[in-house]
Amino acid sequence: MNRNVLSRRVLAGVALVALALTGCGSNDNSSQPGGDGNSSQPGSGGGSAYADLSGELTASGASFPDAYYQEVVEAFKSAAPDVTVTYNATGSGTGKKQFGAGLVDFAGTDSLVKETDGVAAGSFRYVPTVAAPITVSYHLEGVDKLQLSPETLAKIFQTDITTWDDAAIKADNPGVELPDTPITVAHRSDGSGTTSNFTKYLEAAAAGTWKLGSGDTVAWPANTQGGEKNTGVAQIVKQTNGAVGYVDLSDAKATGLTFAAIKNKDGQFVEPSLEGTTAGLEGAEVADDLSYNPLNAAGATAYPITAPTFVIVRTAYDDANKAALVRGFLNYLLTEGQELAEDADFAPLPASLRDKALAQIEKIQG
Amino acid sequence: MTLTNPSPAAEVAVRRRGHGALGDRVFSWWTLGTGLLVLAILGLILVTTVREAWPAFDAMGPRFVTERVWDPNPATGDAIFGALSFAYGTAVSSLIALLFAVPVSVGIALFLTELAPRRLRGPAVTVIDLLAAVPSVVFGLWGILVVAPALVPVYQWTHDVFGGVPLLGRLVGPVGSGRTFMTAGLILAIMITPIITSITREVFGTVPRADKDAALALGATRWEMIRGAVLPHSFGGIVGAVMLGLGRAMGETIAVALVIGGATNITANLFAPGNSMAAVIVQQFGESTGTFTAALIGLGVVLFAMTVLINVFARVVVRRAEARMKGGVA
């Protein structure tokens with residue numbers, strides 16, 4: 001047993017040296033959990049401002065950025081070994097409710113706070129974290145390249161267009177042979193921020209054509225199909241010839257779906273990609289409270305259907321340590337953590353927005 | 001039993017009567033208490049759900065049950081919450097389930113009690129009970145990944161062959177993906193088969209040997225014996241079993257949510273997607289707020305009311321049928 005512990009210490013020591021050499025700035029107590037309190041040596045490594053933090057952070061909310069948040073939480077463990085962060089993907093609505101009731105320290109949300117969410121106005125701040133494209137995925141045998149304008153997209157999803165060889169789709173795809181397969185529209189059956197962003201996009205980009213309104217749940221026509229979560233919609237699209245649905249990029253990729261290129265504000269057809277999403281964020285107007293809307297943003301390379309996601313934090317925490325933890329974790333998420341975004345198929349924030357978000361974190365009191 | 005001259009044993013019993021009386025009193029309080037507890041819990045559930053759902057009932061009025069539109073975020077105007085489409089989905093999927101499950105379950109139960117060789121009974125019962133132990137989410141996932149895609153060609157064939165027939169053709173309309181009322185009903189049928197089977201089996205087991213022997217002695221064939229002796233005796237029990245199965249089918253949530261297709265739809269076409277009340281609650285509750293949440297709880301109240309009504313109706317049917325059958329026998 002003793003030898004075992006010893007060898008582990010040695011291993012940890014070797015790892016530590018390696019880390020120090022690569023300049024990762026991990027400090028002493030990160031390799032000796034549960035030891036004699038906090039014997040951190042100031043000045044060693046110097047880079048990690050997080051190692052002095054200790055305590056627990058609980059958060060809940062949006063499931064859309066969950067994959068990314070979990071990676072950040074995992075990575076944060078090595079930067080701040082005495083901090084436990086748990087993020088529970090309950091959905092934006094539940095997250096906001098729990099935040100309003102004081103059950104969680106911060107909440108993730110895809111949508112802005114509404115009156116009915118139970119969060120008092122002025123008691124919270126938005127911190128934008130990442131964004132991701134929502135793909136329009138389709139399954140049509142014999143067609144592997146498809147371009148859609150917002151008007152056509154709106155007509156497809158409200159079932160004004162019912163077959164793939166419709167004149168409107170042909171007009172968007174000159175020279176492409178389209179079969180007369182009936183269109184099966186797949187949408188989310190659960191309330192979802194993805195639905196909210198997708199319908200908001202159609203409302204903005206196809207104003208006058210789109211009649212179903214926007215929100216977490218909308219009244220889809222009767223002859224459409226609902227799937228549970230992104231994976232459920234992806235399943236329908238995968239299984240059904242002639243199906244089309246909106247799915248976030250990571251699930252669409254994981255299911256092996258093909259996506260349509262969407263005509264953006266500048267008239268260019270752009271396929272969903274992280275670069276296109278970041279370009280869209282740059283073109284978006286950011287409000288003073290940092291809520292912003294990247295949907296249908298300007299820019300020739302911008303992918304127009306981009307879902308932003310936020311964390312909401314309190315303006316002031318009763319507990320100073322809590323405030324420090326929230327600041328620490330979000331600071332990490334917006335700096336080192338941003339590098340993890342692309343691996344999880346999320347687009348990092350452009351520098352301008354990121355700086356504003358970092359400034360927002362500094363305002364947290366407590 | 002003479003009271004004038006008690007035996008020593010009886011004297012002991014009498015001396016202990018104090019204890020016995022206390023035991024009886026405790027027993028009656030206890031049973032009364034537990035009986036009332038069930039009623040109280042039911043009552044509290046009803047009161048709290050109605051109270052929570054009140055904002056939606058208040059906003060919609062009777063339209064809550066007659067309106068087929070469900071639109072929490074309309075483009076213009078107030079949100080519309082109508083439970084009719086989902087009530088329809090609940091009713092249709094449960095009816096399909098009963099249509100398939102009842103004949104199969106009663107058949108299995110008859111086979112096990114009347115026909116199966118004794119050594120087959122034990123293993124067969126175990127296998128059927130195991131079916132009841134499969135979690136509903138597993139049925140749901142099996143439904144979307146395996147059953148639904150596999151049924152598409154079957155639905156397509158049925159539509160091609162019978163689509164032109166009047167009336168019947170309306171039931172077997174055009175096919176989309178395999179997530180339909182029909183698929184939900186079939187999955188539910190598999191889920192409720194074990195419960196109906198095991199209860200009807202128990203009920204058939206209570207038919208007096210003498211009744212069956214009498215029927216056979218009069219020259220009845222096996223089927224005539226079953227029809228004349230077994231079924232009339234167990235009719236009430238079978239209906240009870242069916243009601244338990246129906247209750248499970250109507251309340252089944254996650255399996256239905258996965259396979260029914262998630263569309264707000266009222267159509268005769270069984271090959272079209274729809275939605276059920278329980279499924280809508282689980283799908284939309286997480287992201288709902290305010291009146292929307294109230295409306296979802298309201299769906300729960302409607303489901304509760306539907307279940308109670310159906311059970312009362314079943315009771316009436318059983319009472320009438322039993323009166324008629326017993327009258328016939330006597």
# chains A, B, ... in the order shown; residues from 1 in each chain; ligands from 1
call {"tool": "interface_residues", "arguments": {"of": "chain A", "to": "chain B", "cutoff": "10 Å", "atoms": "only C-alpha atoms", "output": "tab-separated table (two decimals) with N, CA, C and O atoms, in the first residue's frame"}}
result
chain	number	residue	atom	x	y	z
A	61	GLY	N	-29.93	24.34	-15.98
A	61	GLY	CA	-30.51	25.10	-17.08
A	61	GLY	C	-30.33	24.43	-18.42
A	61	GLY	O	-30.34	23.20	-18.52
A	62	ALA	N	-30.13	25.28	-19.43
A	62	ALA	CA	-30.18	24.86	-20.83
A	62	ALA	C	-29.44	23.56	-21.10
A	62	ALA	O	-28.32	23.34	-20.62
A	90	THR	N	-31.29	20.76	-17.07
A	90	THR	CA	-32.72	20.58	-16.82
A	90	THR	C	-33.58	21.22	-17.89
A	90	THR	O	-34.79	21.05	-17.92
A	91	GLY	N	-32.97	22.03	-18.75
A	91	GLY	CA	-33.74	22.86	-19.68
A	91	GLY	C	-33.75	24.30	-19.17
A	91	GLY	O	-33.74	24.53	-17.96
A	92	SER	N	-33.80	25.24	-20.12
A	92	SER	CA	-33.70	26.66	-19.75
A	92	SER	C	-34.79	27.07	-18.77
A	92	SER	O	-34.52	27.78	-17.79
A	93	GLY	N	-36.02	26.66	-19.04
A	93	GLY	CA	-37.16	27.10	-18.23
A	93	GLY	C	-36.97	26.70	-16.77
A	93	GLY	O	-37.08	27.53	-15.86
A	94	THR	N	-36.65	25.43	-16.55
A	94	THR	CA	-36.46	24.93	-15.19
A	94	THR	C	-35.26	25.63	-14.54
A	94	THR	O	-35.31	25.98	-13.36
A	95	GLY	N	-34.19	25.82	-15.32
A	95	GLY	CA	-33.02	26.48	-14.80
A	95	GLY	C	-33.35	27.87	-14.26
A	95	GLY	O	-32.94	28.24	-13.15
A	96	LYS	N	-34.12	28.62	-15.05
A	96	LYS	CA	-34.48	29.98	-14.62
A	96	LYS	C	-35.36	29.94	-13.38
A	96	LYS	O	-35.18	30.74	-12.46
A	97	LYS	N	-36.30	28.98	-13.35
A	97	LYS	CA	-37.17	28.84	-12.17
A	97	LYS	C	-36.33	28.57	-10.92
A	97	LYS	O	-36.53	29.16	-9.87
A	114	LYS	N	-38.03	36.12	-19.11
A	114	LYS	CA	-39.34	36.75	-19.28
A	114	LYS	C	-39.95	37.01	-17.91
A	114	LYS	O	-39.50	36.46	-16.91
A	115	GLU	N	-41.00	37.81	-17.90
A	115	GLU	CA	-41.68	38.13	-16.64
A	115	GLU	C	-42.12	36.89	-15.88
A	115	GLU	O	-42.06	36.82	-14.66
A	116	THR	N	-42.62	35.90	-16.66
A	116	THR	CA	-43.23	34.74	-16.02
A	116	THR	C	-42.21	33.70	-15.54
A	116	THR	O	-42.58	32.67	-15.01
A	117	ASP	N	-40.90	34.00	-15.73
A	117	ASP	CA	-39.89	33.00	-15.38
A	117	ASP	C	-39.59	32.94	-13.90
A	117	ASP	O	-38.92	32.02	-13.44
A	118	GLY	N	-40.05	33.94	-13.15
A	118	GLY	CA	-39.82	33.93	-11.71
A	118	GLY	C	-38.46	34.46	-11.30
A	118	GLY	O	-38.00	34.21	-10.20
A	182	PRO	N	-42.70	13.21	-51.02
A	182	PRO	CA	-43.38	14.13	-50.10
A	182	PRO	C	-42.44	14.55	-48.95
A	182	PRO	O	-41.59	13.77	-48.53
A	183	ILE	N	-42.61	15.77	-48.49
A	183	ILE	CA	-41.76	16.29	-47.41
A	183	ILE	C	-42.34	15.88	-46.06
A	183	ILE	O	-43.53	16.06	-45.81
A	184	THR	N	-41.51	15.31	-45.20
A	184	THR	CA	-41.92	15.05	-43.82
A	184	THR	C	-41.18	16.06	-42.94
A	184	THR	O	-39.95	16.05	-42.88
A	185	VAL	N	-41.93	16.94	-42.29
A	185	VAL	CA	-41.31	17.94	-41.43
A	185	VAL	C	-41.12	17.36	-40.03
A	185	VAL	O	-42.07	16.85	-39.44
A	186	ALA	N	-39.88	17.43	-39.52
A	186	ALA	CA	-39.61	16.94	-38.16
A	186	ALA	C	-39.28	18.13	-37.27
A	186	ALA	O	-38.52	19.01	-37.66
A	187	HIS	N	-39.90	18.17	-36.10
A	187	HIS	CA	-39.64	19.27	-35.17
A	187	HIS	C	-39.53	18.71	-33.77
A	187	HIS	O	-39.75	17.53	-33.54
A	188	ARG	N	-39.21	19.57	-32.82
A	188	ARG	CA	-39.08	19.13	-31.43
A	188	ARG	C	-40.46	18.98	-30.81
A	188	ARG	O	-41.32	19.84	-30.96
A	189	SER	N	-40.68	17.86	-30.11
A	189	SER	CA	-41.95	17.70	-29.42
A	189	SER	C	-41.85	18.25	-28.01
A	189	SER	O	-42.86	18.55	-27.38
A	190	ASP	N	-40.64	18.41	-27.48
A	190	ASP	CA	-40.47	19.00	-26.16
A	190	ASP	C	-40.23	20.50	-26.31
A	190	ASP	O	-39.81	20.96	-27.36
A	191	GLY	N	-40.53	21.25	-25.27
A	191	GLY	CA	-40.24	22.67	-25.29
A	191	GLY	C	-38.74	22.87	-25.37
A	191	GLY	O	-38.00	22.20	-24.68
A	192	SER	N	-38.28	23.79	-26.24
A	192	SER	CA	-36.85	23.82	-26.48
A	192	SER	C	-36.36	25.19	-26.94
A	192	SER	O	-37.02	25.86	-27.73
A	193	GLY	N	-35.18	25.57	-26.46
A	193	GLY	CA	-34.55	26.79	-26.91
A	193	GLY	C	-34.18	26.71	-28.38
A	193	GLY	O	-34.13	27.73	-29.07
A	196	SER	N	-37.15	27.68	-30.22
A	196	SER	CA	-37.31	29.12	-30.04
A	196	SER	C	-36.41	29.90	-31.00
A	196	SER	O	-36.86	30.80	-31.70
A	203	GLU	N	-39.08	34.03	-38.22
A	203	GLU	CA	-39.89	35.23	-38.03
A	203	GLU	C	-39.14	36.47	-38.53
A	203	GLU	O	-39.73	37.36	-39.13
A	210	TRP	N	-43.75	33.55	-42.70
A	210	TRP	CA	-43.84	32.68	-41.53
A	210	TRP	C	-45.02	33.09	-40.66
A	210	TRP	O	-45.12	34.23	-40.23
A	211	LYS	N	-45.93	32.16	-40.42
A	211	LYS	CA	-47.16	32.51	-39.70
A	211	LYS	C	-47.31	31.83	-38.34
A	211	LYS	O	-48.28	32.06	-37.64
A	212	LEU	N	-46.36	30.97	-37.97
A	212	LEU	CA	-46.57	30.18	-36.75
A	212	LEU	C	-46.05	30.85	-35.48
A	212	LEU	O	-46.17	30.30	-34.39
A	213	GLY	N	-45.47	32.06	-35.63
A	213	GLY	CA	-44.95	32.72	-34.44
A	213	GLY	C	-43.66	32.08	-33.97
A	213	GLY	O	-43.05	31.29	-34.69
A	214	SER	N	-43.24	32.43	-32.75
A	214	SER	CA	-42.00	31.85	-32.26
A	214	SER	C	-42.12	31.57	-30.78
A	214	SER	O	-42.93	32.16	-30.08
A	215	GLY	N	-41.30	30.65	-30.31
A	215	GLY	CA	-41.31	30.30	-28.89
A	215	GLY	C	-40.75	28.91	-28.68
A	215	GLY	O	-40.40	28.22	-29.64
A	216	ASP	N	-40.66	28.50	-27.40
A	216	ASP	CA	-40.12	27.19	-27.07
A	216	ASP	C	-40.99	26.07	-27.64
A	216	ASP	O	-40.52	24.97	-27.92
A	217	THR	N	-42.30	26.35	-27.73
A	217	THR	CA	-43.23	25.39	-28.31
A	217	THR	C	-44.13	26.18	-29.23
A	217	THR	O	-44.70	27.17	-28.82
A	218	VAL	N	-44.24	25.78	-30.48
A	218	VAL	CA	-45.18	26.47	-31.36
A	218	VAL	C	-46.17	25.45	-31.91
A	218	VAL	O	-45.95	24.24	-31.82
A	219	ALA	N	-47.27	25.97	-32.46
A	219	ALA	CA	-48.33	25.08	-32.94
A	219	ALA	C	-48.00	24.61	-34.35
A	219	ALA	O	-48.43	25.19	-35.34
A	220	TRP	N	-47.22	23.54	-34.45
A	220	TRP	CA	-46.84	22.99	-35.75
A	220	TRP	C	-48.08	22.42	-36.44
A	220	TRP	O	-48.99	21.96	-35.77
A	221	PRO	N	-48.10	22.42	-37.78
A	221	PRO	CA	-49.24	21.81	-38.49
A	221	PRO	C	-49.41	20.34	-38.09
A	221	PRO	O	-48.45	19.68	-37.69
A	222	ALA	N	-50.65	19.85	-38.23
A	222	ALA	CA	-50.98	18.52	-37.72
A	222	ALA	C	-50.19	17.41	-38.40
A	222	ALA	O	-49.86	16.41	-37.79
A	223	ASN	N	-49.87	17.58	-39.69
A	223	ASN	CA	-49.23	16.48	-40.40
A	223	ASN	C	-47.70	16.55	-40.35
A	223	ASN	O	-47.02	16.16	-41.27
A	224	THR	N	-47.15	17.09	-39.25
A	224	THR	CA	-45.71	17.09	-39.06
A	224	THR	C	-45.36	16.09	-37.97
A	224	THR	O	-46.24	15.56	-37.32
A	225	GLN	N	-44.06	15.85	-37.79
A	225	GLN	CA	-43.62	14.84	-36.83
A	225	GLN	C	-42.82	15.47	-35.71
A	225	GLN	O	-41.96	16.30	-35.97
A	226	GLY	N	-43.10	15.06	-34.47
A	226	GLY	CA	-42.32	15.57	-33.35
A	226	GLY	C	-41.35	14.52	-32.86
A	226	GLY	O	-41.68	13.35	-32.79
A	227	GLY	N	-40.14	14.95	-32.51
A	227	GLY	CA	-39.16	14.04	-31.92
A	227	GLY	C	-38.68	14.60	-30.59
A	227	GLY	O	-38.68	15.81	-30.39
A	228	GLU	N	-38.29	13.70	-29.69
A	228	GLU	CA	-37.81	14.11	-28.38
A	228	GLU	C	-36.37	14.59	-28.48
A	228	GLU	O	-35.51	13.83	-28.89
A	229	LYS	N	-36.11	15.83	-28.08
A	229	LYS	CA	-34.76	16.40	-28.04
A	229	LYS	C	-34.15	16.42	-29.45
A	229	LYS	O	-34.75	15.97	-30.41
A	232	GLY	N	-33.87	13.01	-31.05
A	232	GLY	CA	-35.14	12.47	-31.55
A	232	GLY	C	-35.44	12.98	-32.94
A	232	GLY	O	-35.86	12.22	-33.83
A	235	GLN	N	-33.11	11.39	-35.38
A	235	GLN	CA	-33.55	10.03	-35.69
A	235	GLN	C	-34.61	10.01	-36.80
A	235	GLN	O	-34.54	9.22	-37.73
A	236	ILE	N	-35.61	10.89	-36.66
A	236	ILE	CA	-36.68	10.93	-37.67
A	236	ILE	C	-36.09	11.24	-39.04
A	236	ILE	O	-36.40	10.58	-40.04
A	237	VAL	N	-35.20	12.26	-39.08
A	237	VAL	CA	-34.62	12.65	-40.35
A	237	VAL	C	-33.82	11.49	-40.94
A	237	VAL	O	-33.89	11.19	-42.13
A	239	GLN	N	-34.22	8.27	-40.42
A	239	GLN	CA	-35.01	7.09	-40.79
A	239	GLN	C	-35.96	7.32	-41.96
A	239	GLN	O	-36.42	6.37	-42.57
A	240	THR	N	-36.32	8.58	-42.23
A	240	THR	CA	-37.41	8.83	-43.18
A	240	THR	C	-36.90	9.51	-44.44
A	240	THR	O	-36.35	10.61	-44.37
A	241	ASN	N	-37.09	8.89	-45.58
A	241	ASN	CA	-36.73	9.53	-46.85
A	241	ASN	C	-37.70	10.68	-47.10
A	241	ASN	O	-38.91	10.50	-47.02
A	242	GLY	N	-37.15	11.86	-47.36
A	242	GLY	CA	-38.00	13.03	-47.58
A	242	GLY	C	-38.16	13.88	-46.34
A	242	GLY	O	-38.87	14.88	-46.37
A	243	ALA	N	-37.50	13.51	-45.25
A	243	ALA	CA	-37.66	14.27	-44.01
A	243	ALA	C	-36.71	15.45	-43.95
A	243	ALA	O	-35.62	15.43	-44.53
call {"tool": "residues_around", "arguments": {"residues": "stretch 126-140 of chain A", "least_positions_apart": "5", "cutoff": "6 Å", "atoms": "only C-alpha atoms", "output": "PDB file with N, CA, C and O atoms, in the first residue's frame"}}
result
ATOM      1  N   VAL A 237     -35.203  12.256 -39.077  1.00  0.00           N
ATOM      2  CA  VAL A 237     -34.621  12.651 -40.354  1.00  0.00           C
ATOM      3  C   VAL A 237     -33.821  11.487 -40.937  1.00  0.00           C
ATOM      4  O   VAL A 237     -33.895  11.195 -42.128  1.00  0.00           O
ATOM      5  N   ASN A 241     -37.085   8.889 -45.585  1.00  0.00           N
ATOM      6  CA  ASN A 241     -36.733   9.528 -46.845  1.00  0.00           C
ATOM      7  C   ASN A 241     -37.702  10.682 -47.098  1.00  0.00           C
ATOM      8  O   ASN A 241     -38.914  10.501 -47.020  1.00  0.00           O
ATOM      9  N   GLY A 242     -37.154  11.862 -47.357  1.00  0.00           N
ATOM     10  CA  GLY A 242     -38.004  13.026 -47.578  1.00  0.00           C
ATOM     11  C   GLY A 242     -38.163  13.878 -46.343  1.00  0.00           C
ATOM     12  O   GLY A 242     -38.871  14.879 -46.371  1.00  0.00           O
ATOM     13  N   ALA A 243     -37.500  13.512 -45.254  1.00  0.00           N
ATOM     14  CA  ALA A 243     -37.664  14.266 -44.009  1.00  0.00           C
ATOM     15  C   ALA A 243     -36.713  15.451 -43.955  1.00  0.00           C
ATOM     16  O   ALA A 243     -35.622  15.435 -44.526  1.00  0.00           O
ATOM     17  N   VAL A 244     -37.141  16.500 -43.261  1.00  0.00           N
ATOM     18  CA  VAL A 244     -36.300  17.659 -43.005  1.00  0.00           C
ATOM     19  C   VAL A 244     -36.596  18.125 -41.593  1.00  0.00           C
ATOM     20  O   VAL A 244     -37.737  18.063 -41.138  1.00  0.00           O
ATOM     21  N   GLY A 245     -35.542  18.543 -40.876  1.00  0.00           N
ATOM     22  CA  GLY A 245     -35.745  18.991 -39.501  1.00  0.00           C
ATOM     23  C   GLY A 245     -34.624  19.898 -39.063  1.00  0.00           C
ATOM     24  O   GLY A 245     -33.587  19.976 -39.736  1.00  0.00           O
ATOM     25  N   TYR A 246     -34.826  20.601 -37.952  1.00  0.00           N
ATOM     26  CA  TYR A 246     -33.756  21.472 -37.443  1.00  0.00           C
ATOM     27  C   TYR A 246     -33.090  20.787 -36.255  1.00  0.00           C
ATOM     28  O   TYR A 246     -33.746  20.353 -35.331  1.00  0.00           O
ATOM     29  N   VAL A 247     -31.774  20.653 -36.345  1.00  0.00           N
ATOM     30  CA  VAL A 247     -31.014  19.903 -35.344  1.00  0.00           C
ATOM     31  C   VAL A 247     -29.732  20.677 -35.066  1.00  0.00           C
ATOM     32  O   VAL A 247     -29.173  21.274 -35.974  1.00  0.00           O
ATOM     33  N   ASP A 248     -29.268  20.698 -33.815  1.00  0.00           N
ATOM     34  CA  ASP A 248     -28.016  21.404 -33.551  1.00  0.00           C
ATOM     35  C   ASP A 248     -26.851  20.664 -34.216  1.00  0.00           C
ATOM     36  O   ASP A 248     -26.947  19.475 -34.521  1.00  0.00           O
ATOM     37  N   LEU A 249     -25.765  21.389 -34.450  1.00  0.00           N
ATOM     38  CA  LEU A 249     -24.681  20.864 -35.283  1.00  0.00           C
ATOM     39  C   LEU A 249     -24.080  19.580 -34.725  1.00  0.00           C
ATOM     40  O   LEU A 249     -23.853  18.629 -35.461  1.00  0.00           O
ATOM     41  N   THR A 258     -27.052  15.101 -43.475  1.00  0.00           N
ATOM     42  CA  THR A 258     -26.588  16.116 -44.411  1.00  0.00           C
ATOM     43  C   THR A 258     -27.360  17.397 -44.153  1.00  0.00           C
ATOM     44  O   THR A 258     -28.545  17.352 -43.808  1.00  0.00           O
ATOM     45  N   PHE A 259     -26.690  18.545 -44.289  1.00  0.00           N
ATOM     46  CA  PHE A 259     -27.348  19.813 -43.997  1.00  0.00           C
ATOM     47  C   PHE A 259     -27.505  20.658 -45.254  1.00  0.00           C
ATOM     48  O   PHE A 259     -26.682  20.586 -46.155  1.00  0.00           O
ATOM     49  N   ALA A 260     -28.525  21.483 -45.228  1.00  0.00           N
ATOM     50  CA  ALA A 260     -28.757  22.414 -46.327  1.00  0.00           C
ATOM     51  C   ALA A 260     -27.953  23.693 -46.083  1.00  0.00           C
ATOM     52  O   ALA A 260     -27.707  24.075 -44.942  1.00  0.00           O
ATOM     53  N   THR A 277     -20.595  30.578 -37.828  1.00  0.00           N
ATOM     54  CA  THR A 277     -21.303  31.003 -36.633  1.00  0.00           C
ATOM     55  C   THR A 277     -20.591  32.160 -35.955  1.00  0.00           C
ATOM     56  O   THR A 277     -21.202  33.163 -35.590  1.00  0.00           O
ATOM     57  N   ILE A 305     -28.573  30.942 -39.047  1.00  0.00           N
ATOM     58  CA  ILE A 305     -29.363  30.360 -37.951  1.00  0.00           C
ATOM     59  C   ILE A 305     -28.417  29.971 -36.829  1.00  0.00           C
ATOM     60  O   ILE A 305     -27.894  28.859 -36.776  1.00  0.00           O
ATOM     61  N   THR A 306     -28.158  30.910 -35.952  1.00  0.00           N
ATOM     62  CA  THR A 306     -27.188  30.710 -34.907  1.00  0.00           C
ATOM     63  C   THR A 306     -27.867  30.884 -33.563  1.00  0.00           C
ATOM     64  O   THR A 306     -28.555  31.865 -33.343  1.00  0.00           O
ATOM     65  N   ALA A 307     -27.670  29.920 -32.682  1.00  0.00           N
ATOM     66  CA  ALA A 307     -28.299  29.996 -31.369  1.00  0.00           C
ATOM     67  C   ALA A 307     -27.286  30.477 -30.339  1.00  0.00           C
ATOM     68  O   ALA A 307     -26.250  29.843 -30.166  1.00  0.00           O
ATOM     69  N   PRO A 308     -27.582  31.599 -29.679  1.00  0.00           N
ATOM     70  CA  PRO A 308     -26.697  32.041 -28.611  1.00  0.00           C
ATOM     71  C   PRO A 308     -27.110  31.329 -27.325  1.00  0.00           C
ATOM     72  O   PRO A 308     -28.216  30.822 -27.225  1.00  0.00           O
ATOM     73  N   THR A 309     -26.209  31.280 -26.368  1.00  0.00           N
ATOM     74  CA  THR A 309     -26.638  30.771 -25.068  1.00  0.00           C
ATOM     75  C   THR A 309     -25.955  31.591 -23.981  1.00  0.00           C
ATOM     76  O   THR A 309     -24.859  32.105 -24.171  1.00  0.00           O
ATOM     77  N   PHE A 310     -26.662  31.749 -22.878  1.00  0.00           N
ATOM     78  CA  PHE A 310     -26.195  32.628 -21.813  1.00  0.00           C
ATOM     79  C   PHE A 310     -26.128  31.886 -20.494  1.00  0.00           C
ATOM     80  O   PHE A 310     -26.747  30.838 -20.316  1.00  0.00           O
ATOM     81  N   VAL A 311     -25.384  32.500 -19.576  1.00  0.00           N
ATOM     82  CA  VAL A 311     -25.476  32.098 -18.182  1.00  0.00           C
ATOM     83  C   VAL A 311     -26.066  33.312 -17.478  1.00  0.00           C
ATOM     84  O   VAL A 311     -25.706  34.446 -17.794  1.00  0.00           O
ATOM     85  N   ILE A 312     -27.021  33.125 -16.579  1.00  0.00           N
ATOM     86  CA  ILE A 312     -27.458  34.261 -15.785  1.00  0.00           C
ATOM     87  C   ILE A 312     -26.914  34.130 -14.370  1.00  0.00           C
ATOM     88  O   ILE A 312     -26.950  33.060 -13.767  1.00  0.00           O
ATOM     89  N   PHE A 346     -19.118  23.754 -30.647  1.00  0.00           N
ATOM     90  CA  PHE A 346     -19.680  25.061 -30.330  1.00  0.00           C
ATOM     91  C   PHE A 346     -18.716  26.126 -30.824  1.00  0.00           C
ATOM     92  O   PHE A 346     -17.512  25.885 -30.905  1.00  0.00           O
ATOM     93  N   ALA A 347     -19.261  27.290 -31.147  1.00  0.00           N
ATOM     94  CA  ALA A 347     -18.420  28.365 -31.648  1.00  0.00           C
ATOM     95  C   ALA A 347     -18.033  29.277 -30.496  1.00  0.00           C
ATOM     96  O   ALA A 347     -18.898  29.712 -29.739  1.00  0.00           O
ATOM     97  N   PRO A 348     -16.723  29.573 -30.338  1.00  0.00           N
ATOM     98  CA  PRO A 348     -16.313  30.508 -29.292  1.00  0.00           C
ATOM     99  C   PRO A 348     -16.808  31.919 -29.608  1.00  0.00           C
ATOM    100  O   PRO A 348     -17.123  32.231 -30.751  1.00  0.00           O
ATOM    101  N   LEU A 349     -16.866  32.760 -28.587  1.00  0.00           N
ATOM    102  CA  LEU A 349     -17.299  34.134 -28.805  1.00  0.00           C
ATOM    103  C   LEU A 349     -16.196  34.898 -29.526  1.00  0.00           C
ATOM    104  O   LEU A 349     -15.015  34.654 -29.287  1.00  0.00           O
ATOM    105  N   ALA A 357     -18.100  40.335 -22.023  1.00  0.00           N
ATOM    106  CA  ALA A 357     -18.594  39.332 -21.078  1.00  0.00           C
ATOM    107  C   ALA A 357     -17.699  39.276 -19.847  1.00  0.00           C
ATOM    108  O   ALA A 357     -18.168  39.177 -18.708  1.00  0.00           O
TER     109      ALA A 357
END
call {"tool": "select_by_dssp", "arguments": {"residues": "stretch 18-254 of chain B", "states": "alpha helix (DSSP H)", "output": "ChimeraX atom specification"}}
result
/B:18-60,63-66,84-110,118-133,136-142,148-162,168-171,181-205,209-217,222-225,231-251,254
call {"tool": "atom_distance", "arguments": {"atom1": "atom CA of B:Ala278", "atom2": "atom CA of B:Gly61"}}
result
21.0 Å
call {"tool": "atom_distance", "arguments": {"atom1": "atom CA of A:Arg354", "atom2": "atom CA of A:Pro150"}}
result
29.3 Å
call {"tool": "atom_distance", "arguments": {"atom1": "atom CA of B:Phe181", "atom2": "atom CA of B:Phe57"}}
result
27.4 Å
call {"tool": "residues_around", "arguments": {"residues": "stretch 299-303 of chain B", "least_positions_apart": "2", "cutoff": "10 Å", "atoms": "only C-alpha atoms", "output": "VMD selection string"}}
result
chain B and resid 45 to 50 52 to 53 56 64 to 65 81 to 84 86 to 87 90 250 to 251 276 to 278 280 to 281 293 to 297 305 to 309
call {"tool": "closest_residue", "arguments": {"among": "B:Ile41, B:Ala91, B:Ile192, B:Arg118", "to": "B:Phe139", "atoms": "only C-alpha atoms"}}
result
B:Ile192
call {"tool": "closest_residue", "arguments": {"among": "B:Ser93, B:Arg201, B:Leu115, B:Val230", "to": "B:Ala249", "atoms": "only C-alpha atoms"}}
result
B:Ser93
call {"tool": "select_by_dssp", "arguments": {"residues": "stretch 70-140 of chain A", "states": "strand (DSSP E or B)", "output": "ChimeraX atom specification"}}
result
/A:83-88,106-109,124-139
call {"tool": "residues_around", "arguments": {"residues": "stretch 147-149 of chain A", "least_positions_apart": "5", "cutoff": "9 Å", "atoms": "only C-alpha atoms", "output": "JSON, numbers by chain"}}
result
{"A": [154, 169, 172, 173, 206, 260, 261, 262, 263, 264, 267, 269, 270, 271]}
call {"tool": "residues_around", "arguments": {"residues": "B:Thr193", "least_positions_apart": "6", "cutoff": "10 Å", "atoms": "only C-alpha atoms", "output": "list in words"}}
result
Ala97, Leu98, Phe100, Ala101, Val102, Pro103, Val104, Ser105, Val106, Ile108, Ile128, Asp129, Leu131, Ala132, Val242 and Gly245 of chain B
